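Read through the structure below, which is laid out as structure tokens, and then see the notes.
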Amino acid sequence: MKKLDLDVLEMVVAVADTGSFIRAAESVHRSASALSMQIKTLEESLGKPLFLRSTRNVTITEDGKTLLEYGRRLLAMREEAWASVVRPEMKGRVTIGVPDDYASTLLPRVLGKFALAHPKVDIRVIGLTSSALVPLLKDNTLDLAYITKTRGVSGDFVRFEPMVWAGSSTRKVWNERPLPIAVFGQRSAARAFAINALQQHDIKYRMSYESPSLIGLISMVEAGLAIAPLARCSVPSQLIQLGPDEGLPPLRDLEVVLARSVQSRRPPCDFLAEQIQAELGA
């Protein structure tokens, strides 16, 4: 009798959510090769492919979607069962701040699992840039903030998030000089790292677009009007990741921390902080 391993189902869900074997491996704390092997073994056992792989993209098949639906339900039940035995029933509210580039990929799975395990805890998410979230911690508008570490920001280290240059596959604007770039606002660490890297490599550039919005940057890149320095986790599958092979300088990793307000010392905040560290920690 064939059995479905919940850990492997979690890998399937992670690949579907991130659109990448590399990012999925990071999220479940496995090597990319180990994750790929586990999913391949499952596909062989089922006799059907779950994902279609190419050099740039990973696409889930119809059979993969069917298994994904069951996988999400089974994993949710596992979380609920664990919480019902080892954790008291909690009530309350947690307000967490997170920038767009992390909110779109890293945090949804963690928040979803927490919500299933603690249905009476109300979760409120505020999406702003890391620098804009810091004052909200100081005045206790936020309980937690999952942010990029910058000057004046303290918090518990969670992980290093690699940065890449994102570009359009249809227009090679990275060959242009001055190089058109789309960047976040003045206080962005990603912006600072990118400009510093270009200056160190004596690459002339021009600010083609500036915005606090990740969607705005991605739209400019999709249109082939600029390239953008982004956290690798936030690069959508329709864009390509660029680097030294395209004549672009490597970028420093972003240091991600979990910061807390003074009034966050209560069980719902403690448990969510613990789960974020467990799910996303290095």
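Residues are referred to by chain and number: the chain letter is A, B, ... according to the order shown in the structure tokens, the number counts from 1 in that chain, and ligands are numbered separately from 1 in the order shown.
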
Go through range 60-282 of chain A and collect every residue that DSSP, computed from the backbone, puts in alpha helix (DSSP H); the answer should be as number ranges by chain. A: 62-86, 100-103, 107-117, 130-138, 189-200, 214-222, 267-280

Give me, as a ChimeraX atom specification, the residues of range 78-175 of chain A that a backbone DSSP run labels strand (DSSP E). /A:92-98,121-127,144-148,156-161,163-167

What's the separation between CA of Arg72 in chain A and CA of Ala273 in chain A, in Å to one decimal place?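 One can read the CA of Arg72 in chain A to CA of Ala273 in chain A distance as 22.2 Å.
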
One decimal place gives the CA of Leu136 in chain A-CA of Phe114 in chain A separation as 22.7 Å

Hey, which of A:Pro119, A:Pro162, A:Pro229, A:Gly127 ends up closest to Pro268 in chain A? Count only C-alpha atoms. A:Pro119

Go through range 55-74 of chain A and flag each residue having an atom no more than 12 Å from range 39-47 of chain A; for those, report the closest pair of atoms plus their distance in Å to one decimal, using only C-alpha atoms, ordered by chain and rising number, as JSON lines.
```
{"residue": "A:Thr61", "atom": "CA", "partner": "A:Glu43", "partner_atom": "CA", "distance": 11.4}
{"residue": "A:Asp63", "atom": "CA", "partner": "A:Leu46", "partner_atom": "CA", "distance": 9.8}
{"residue": "A:Gly64", "atom": "CA", "partner": "A:Glu43", "partner_atom": "CA", "distance": 9.4}
{"residue": "A:Leu67", "atom": "CA", "partner": "A:Leu46", "partner_atom": "CA", "distance": 10.5}
```

Would you export the selected residues with N, CA and C atoms as an mmCIF file, in the first residue's frame, please?
```cif
data_model
loop_
_atom_site.group_PDB
_atom_site.id
_atom_site.type_symbol
_atom_site.label_atom_id
_atom_site.label_comp_id
_atom_site.auth_asym_id
_atom_site.auth_seq_id
_atom_site.Cartn_x
_atom_site.Cartn_y
_atom_site.Cartn_z
ATOM 1 N N THR A 61 1.367 20.714 -12.853
ATOM 2 C CA THR A 61 0.458 20.010 -13.771
ATOM 3 C C THR A 61 -0.925 19.905 -13.137
ATOM 4 N N ASP A 63 -2.464 17.113 -12.424
ATOM 5 C CA ASP A 63 -2.350 16.125 -11.340
ATOM 6 C C ASP A 63 -1.682 16.744 -10.122
ATOM 7 N N GLY A 64 -0.705 17.609 -10.371
ATOM 8 C CA GLY A 64 -0.052 18.305 -9.276
ATOM 9 C C GLY A 64 -1.023 19.181 -8.510
ATOM 10 N N LEU A 67 -3.161 16.985 -6.211
ATOM 11 C CA LEU A 67 -2.425 16.588 -5.005
ATOM 12 C C LEU A 67 -2.177 17.782 -4.098
#
```

Neighbours of Val94 in chain A within 8 Å (only C-alpha atoms; same-chain residues fewer than 6 positions away dropped), as a PyMOL selection string? chain A and resi 121-124+143-144+268-269

Convert the current residue selection to file output with C-alpha atoms, as a CSV table (one decimal), in the first residue's frame.
```csv
chain,number,residue,atom,x,y,z
A,121,VAL,CA,-6.3,35.0,17.2
A,122,ASP,CA,-7.0,38.0,14.8
A,123,ILE,CA,-4.0,38.7,12.5
A,124,ARG,CA,-3.7,42.1,11.0
A,143,ASP,CA,3.5,44.1,17.5
A,144,LEU,CA,6.0,42.5,15.1
A,268,PRO,CA,-0.1,35.3,20.6
A,269,CYS,CA,2.9,37.5,19.6
```

Using only C-alpha atoms, which protein or nucleic acid residues come within 12 Å of Ile195 in chain A? Drop anything in the same chain fewer than 3 positions from it, and give the result as a PyMOL selection string. chain A and resi 165+179-184+186+188-192+198-207+228-229+248-252

Writer output for current selection, N, CA and C atoms, as a compact mmCIF listing (two decimals), in the first residue's frame:
```
# COMPACT_ATOMS: atom_id res chain seq x y z
N TRP A 165 19.54 40.82 -9.74
CA TRP A 165 18.99 41.77 -10.69
C TRP A 165 17.87 41.06 -11.45
N LEU A 179 22.86 52.44 -17.54
CA LEU A 179 21.97 51.31 -17.25
C LEU A 179 20.68 51.81 -16.62
N PRO A 180 19.52 51.52 -17.22
CA PRO A 180 18.25 51.96 -16.60
C PRO A 180 17.87 51.03 -15.44
N ILE A 181 17.68 51.60 -14.26
CA ILE A 181 17.33 50.79 -13.09
C ILE A 181 16.03 51.32 -12.46
N ALA A 182 15.28 50.39 -11.90
CA ALA A 182 14.06 50.69 -11.15
C ALA A 182 14.34 50.32 -9.70
N VAL A 183 14.16 51.26 -8.78
CA VAL A 183 14.56 51.03 -7.40
C VAL A 183 13.50 51.51 -6.42
N PHE A 184 13.63 51.01 -5.19
CA PHE A 184 12.79 51.50 -4.10
C PHE A 184 13.26 52.89 -3.67
N GLN A 186 14.53 56.22 -1.09
CA GLN A 186 15.84 56.62 -0.61
C GLN A 186 16.38 55.77 0.53
N SER A 188 15.88 52.64 1.25
CA SER A 188 15.87 51.20 0.98
C SER A 188 17.29 50.63 0.99
N ALA A 189 17.46 49.52 1.73
CA ALA A 189 18.76 48.84 1.74
C ALA A 189 19.06 48.23 0.38
N ALA A 190 18.05 47.68 -0.29
CA ALA A 190 18.24 47.09 -1.61
C ALA A 190 18.75 48.14 -2.60
N ARG A 191 18.18 49.31 -2.55
CA ARG A 191 18.61 50.41 -3.42
C ARG A 191 20.06 50.78 -3.13
N ALA A 192 20.38 50.94 -1.85
CA ALA A 192 21.74 51.32 -1.48
C ALA A 192 22.76 50.28 -1.92
N LEU A 198 27.07 49.09 -8.39
CA LEU A 198 27.28 49.69 -9.71
C LEU A 198 28.45 50.68 -9.68
N GLN A 199 28.52 51.47 -8.64
CA GLN A 199 29.61 52.44 -8.53
C GLN A 199 30.96 51.76 -8.36
N GLN A 200 31.00 50.69 -7.58
CA GLN A 200 32.26 49.97 -7.38
C GLN A 200 32.75 49.35 -8.68
N HIS A 201 31.83 48.96 -9.57
CA HIS A 201 32.21 48.34 -10.84
C HIS A 201 32.22 49.36 -11.99
N ASP A 202 32.12 50.64 -11.62
CA ASP A 202 32.21 51.73 -12.60
C ASP A 202 31.21 51.56 -13.74
N ILE A 203 29.97 51.19 -13.37
CA ILE A 203 28.90 51.05 -14.36
C ILE A 203 27.99 52.28 -14.26
N LYS A 204 27.90 53.03 -15.33
CA LYS A 204 27.03 54.21 -15.33
C LYS A 204 25.57 53.76 -15.35
N TYR A 205 24.73 54.47 -14.62
CA TYR A 205 23.32 54.10 -14.50
C TYR A 205 22.46 55.35 -14.47
N ARG A 206 21.17 55.14 -14.69
CA ARG A 206 20.19 56.21 -14.54
C ARG A 206 18.96 55.67 -13.84
N MET A 207 18.37 56.51 -13.00
CA MET A 207 17.15 56.12 -12.29
C MET A 207 15.97 56.20 -13.26
N ALA A 228 15.77 45.71 -12.12
CA ALA A 228 15.55 46.08 -10.73
C ALA A 228 16.33 45.16 -9.79
N PRO A 229 16.94 45.73 -8.74
CA PRO A 229 17.58 44.89 -7.72
C PRO A 229 16.52 44.44 -6.71
N LEU A 248 26.64 42.19 -14.93
CA LEU A 248 26.13 42.95 -13.80
C LEU A 248 26.84 42.53 -12.51
N PRO A 249 27.09 43.46 -11.61
CA PRO A 249 27.82 43.12 -10.38
C PRO A 249 26.96 42.31 -9.42
N PRO A 250 27.57 41.42 -8.65
CA PRO A 250 26.80 40.69 -7.63
C PRO A 250 26.32 41.66 -6.56
N LEU A 251 25.25 41.28 -5.89
CA LEU A 251 24.63 42.13 -4.88
C LEU A 251 24.74 41.50 -3.50
N ARG A 252 24.88 42.33 -2.49
CA ARG A 252 24.93 41.85 -1.11
C ARG A 252 23.59 41.23 -0.70
```

Residues within 12 Å of Val221 in chain A, please, as a PyMOL selection string. Count only C-alpha atoms; anything in the same chain fewer than 2 positions from it doesn't count. chain A and resi 165-174+180-183+208-209+214-219+223-230+235-236+238-241

Based on the selection just made, write N, CA and C atoms of those residues as a short mmCIF file (atom, residue, chain, number, x, y, z; two decimals), in the first residue's frame.
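Written file, result30.cif:
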```cif
data_model
loop_
_atom_site.label_atom_id
_atom_site.label_comp_id
_atom_site.auth_asym_id
_atom_site.auth_seq_id
_atom_site.Cartn_x
_atom_site.Cartn_y
_atom_site.Cartn_z
N TRP A 165 19.54 40.82 -9.74
CA TRP A 165 18.99 41.77 -10.69
C TRP A 165 17.87 41.06 -11.45
N ALA A 166 16.71 41.68 -11.56
CA ALA A 166 15.59 41.10 -12.30
C ALA A 166 15.41 41.84 -13.61
N GLY A 167 15.19 41.08 -14.69
CA GLY A 167 15.03 41.70 -16.00
C GLY A 167 13.97 41.02 -16.83
N SER A 168 13.64 41.63 -17.95
CA SER A 168 12.67 41.07 -18.89
C SER A 168 13.38 40.14 -19.86
N SER A 169 12.72 39.06 -20.21
CA SER A 169 13.30 38.12 -21.18
C SER A 169 13.17 38.61 -22.61
N THR A 170 12.39 39.66 -22.82
CA THR A 170 12.13 40.14 -24.19
C THR A 170 13.00 41.32 -24.60
N ARG A 171 13.51 42.08 -23.61
CA ARG A 171 14.35 43.24 -23.92
C ARG A 171 15.59 43.23 -23.04
N LYS A 172 16.75 43.16 -23.65
CA LYS A 172 18.00 43.09 -22.89
C LYS A 172 18.51 44.49 -22.56
N VAL A 173 17.76 45.19 -21.73
CA VAL A 173 18.14 46.56 -21.41
C VAL A 173 19.37 46.62 -20.51
N TRP A 174 19.78 45.47 -19.96
CA TRP A 174 20.97 45.48 -19.11
C TRP A 174 22.24 45.76 -19.92
N PRO A 180 19.52 51.52 -17.22
CA PRO A 180 18.25 51.96 -16.60
C PRO A 180 17.87 51.03 -15.44
N ILE A 181 17.68 51.60 -14.26
CA ILE A 181 17.33 50.79 -13.09
C ILE A 181 16.03 51.32 -12.46
N ALA A 182 15.28 50.39 -11.90
CA ALA A 182 14.06 50.69 -11.15
C ALA A 182 14.34 50.32 -9.70
N VAL A 183 14.16 51.26 -8.78
CA VAL A 183 14.56 51.03 -7.40
C VAL A 183 13.50 51.51 -6.42
N SER A 208 15.57 55.05 -13.76
CA SER A 208 14.45 55.03 -14.69
C SER A 208 13.11 55.08 -13.97
N TYR A 209 13.09 54.57 -12.73
CA TYR A 209 11.83 54.51 -11.99
C TYR A 209 12.14 54.36 -10.51
N LEU A 214 6.57 47.28 -4.80
CA LEU A 214 7.18 46.17 -5.54
C LEU A 214 6.47 45.97 -6.87
N ILE A 215 5.15 46.08 -6.89
CA ILE A 215 4.39 45.89 -8.13
C ILE A 215 4.81 46.92 -9.17
N GLY A 216 5.07 48.15 -8.73
CA GLY A 216 5.51 49.18 -9.65
C GLY A 216 6.84 48.84 -10.29
N LEU A 217 7.78 48.36 -9.48
CA LEU A 217 9.09 47.98 -10.01
C LEU A 217 8.97 46.81 -10.99
N ILE A 218 8.18 45.82 -10.63
CA ILE A 218 8.01 44.65 -11.50
C ILE A 218 7.36 45.06 -12.82
N SER A 219 6.41 45.97 -12.76
CA SER A 219 5.75 46.42 -13.99
C SER A 219 6.74 47.08 -14.94
N ALA A 223 7.91 45.55 -18.63
CA ALA A 223 7.79 46.35 -19.85
C ALA A 223 9.12 46.50 -20.58
N GLY A 224 10.20 46.01 -19.98
CA GLY A 224 11.51 46.11 -20.61
C GLY A 224 12.10 47.50 -20.55
N LEU A 225 11.67 48.30 -19.54
CA LEU A 225 12.15 49.68 -19.43
C LEU A 225 13.28 49.84 -18.43
N ALA A 226 13.55 48.79 -17.64
CA ALA A 226 14.60 48.87 -16.63
C ALA A 226 14.86 47.48 -16.08
N ILE A 227 15.94 47.36 -15.32
CA ILE A 227 16.15 46.17 -14.48
C ILE A 227 16.03 46.64 -13.04
N ALA A 228 15.77 45.71 -12.12
CA ALA A 228 15.55 46.08 -10.73
C ALA A 228 16.33 45.16 -9.79
N PRO A 229 16.94 45.73 -8.74
CA PRO A 229 17.58 44.89 -7.72
C PRO A 229 16.52 44.44 -6.71
N LEU A 230 16.26 43.14 -6.67
CA LEU A 230 15.18 42.62 -5.83
C LEU A 230 15.66 41.46 -4.97
N VAL A 235 11.14 37.71 -6.91
CA VAL A 235 11.19 37.79 -8.38
C VAL A 235 10.15 36.84 -8.97
N PRO A 236 9.15 37.35 -9.68
CA PRO A 236 8.12 36.47 -10.24
C PRO A 236 8.67 35.63 -11.38
N GLN A 238 7.84 35.20 -14.40
CA GLN A 238 7.90 35.74 -15.75
C GLN A 238 9.14 36.60 -15.99
N LEU A 239 9.87 36.93 -14.93
CA LEU A 239 11.11 37.69 -15.07
C LEU A 239 12.31 36.74 -14.98
N ILE A 240 13.44 37.21 -15.47
CA ILE A 240 14.66 36.40 -15.39
C ILE A 240 15.62 37.02 -14.39
N GLN A 241 16.43 36.17 -13.78
CA GLN A 241 17.40 36.63 -12.80
C GLN A 241 18.75 36.83 -13.49
#
```

Option closest in space to His118 in chain A, from A:Glu79, A:Asp139, A:Asp100, A:Glu69 [counting only C-alpha atoms]: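 The shortest atom-to-atom distance to His118 in chain A comes from A:Glu79.
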
Within 12 Å of Ser54 in chain A using only C-alpha atoms, minus same-chain residues under 5 positions, as a list in words: Gly19, Ser20, Phe21, Thr59, Ile60 and Ser237 of chain A

Store the residues of this selection in a file with C-alpha atoms, as a short mmCIF file (atom, residue, chain, number, x, y, z; two decimals), in the first residue's frame.
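The result, stored in part_39.cif:
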```
data_model
loop_
_atom_site.label_atom_id
_atom_site.label_comp_id
_atom_site.auth_asym_id
_atom_site.auth_seq_id
_atom_site.Cartn_x
_atom_site.Cartn_y
_atom_site.Cartn_z
CA GLY A 19 7.42 28.64 -8.24
CA SER A 20 11.01 27.54 -7.66
CA PHE A 21 12.77 24.44 -6.37
CA THR A 59 4.78 24.86 -13.76
CA ILE A 60 2.43 22.64 -11.80
CA SER A 237 8.49 33.58 -12.66
#
```

For a test of reading the model, state the distance in Å between CA of Met90 in chain A and CA of Leu106 in chain A, rounded to one decimal.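 Taking CA of Met90 in chain A and CA of Leu106 in chain A, their separation equals 24.2 Å.
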
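Shell of Ala259 in chain A at 7 Å, with only C-alpha atoms counted and residues fewer than 4 places along the chain excluded, is Leu144, Ala145, Tyr146, Ser154, Gly155 and Asp156 of chain A.
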
Would you mind telling me which residue in A:Arg187, A:Lys113, A:Lys65, A:Lys3 lies nearest to Ala81 in chain A when using only C-alpha atoms?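 Between A:Arg187, A:Lys113, A:Lys65, A:Lys3, the residue approaching Ala81 in chain A most closely is A:Lys113.
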
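Counting only C-alpha atoms, the residue from A:His29, A:Val98, A:Glu279, A:Met163 that sits nearest to Leu242 in chain A is A:Met163.
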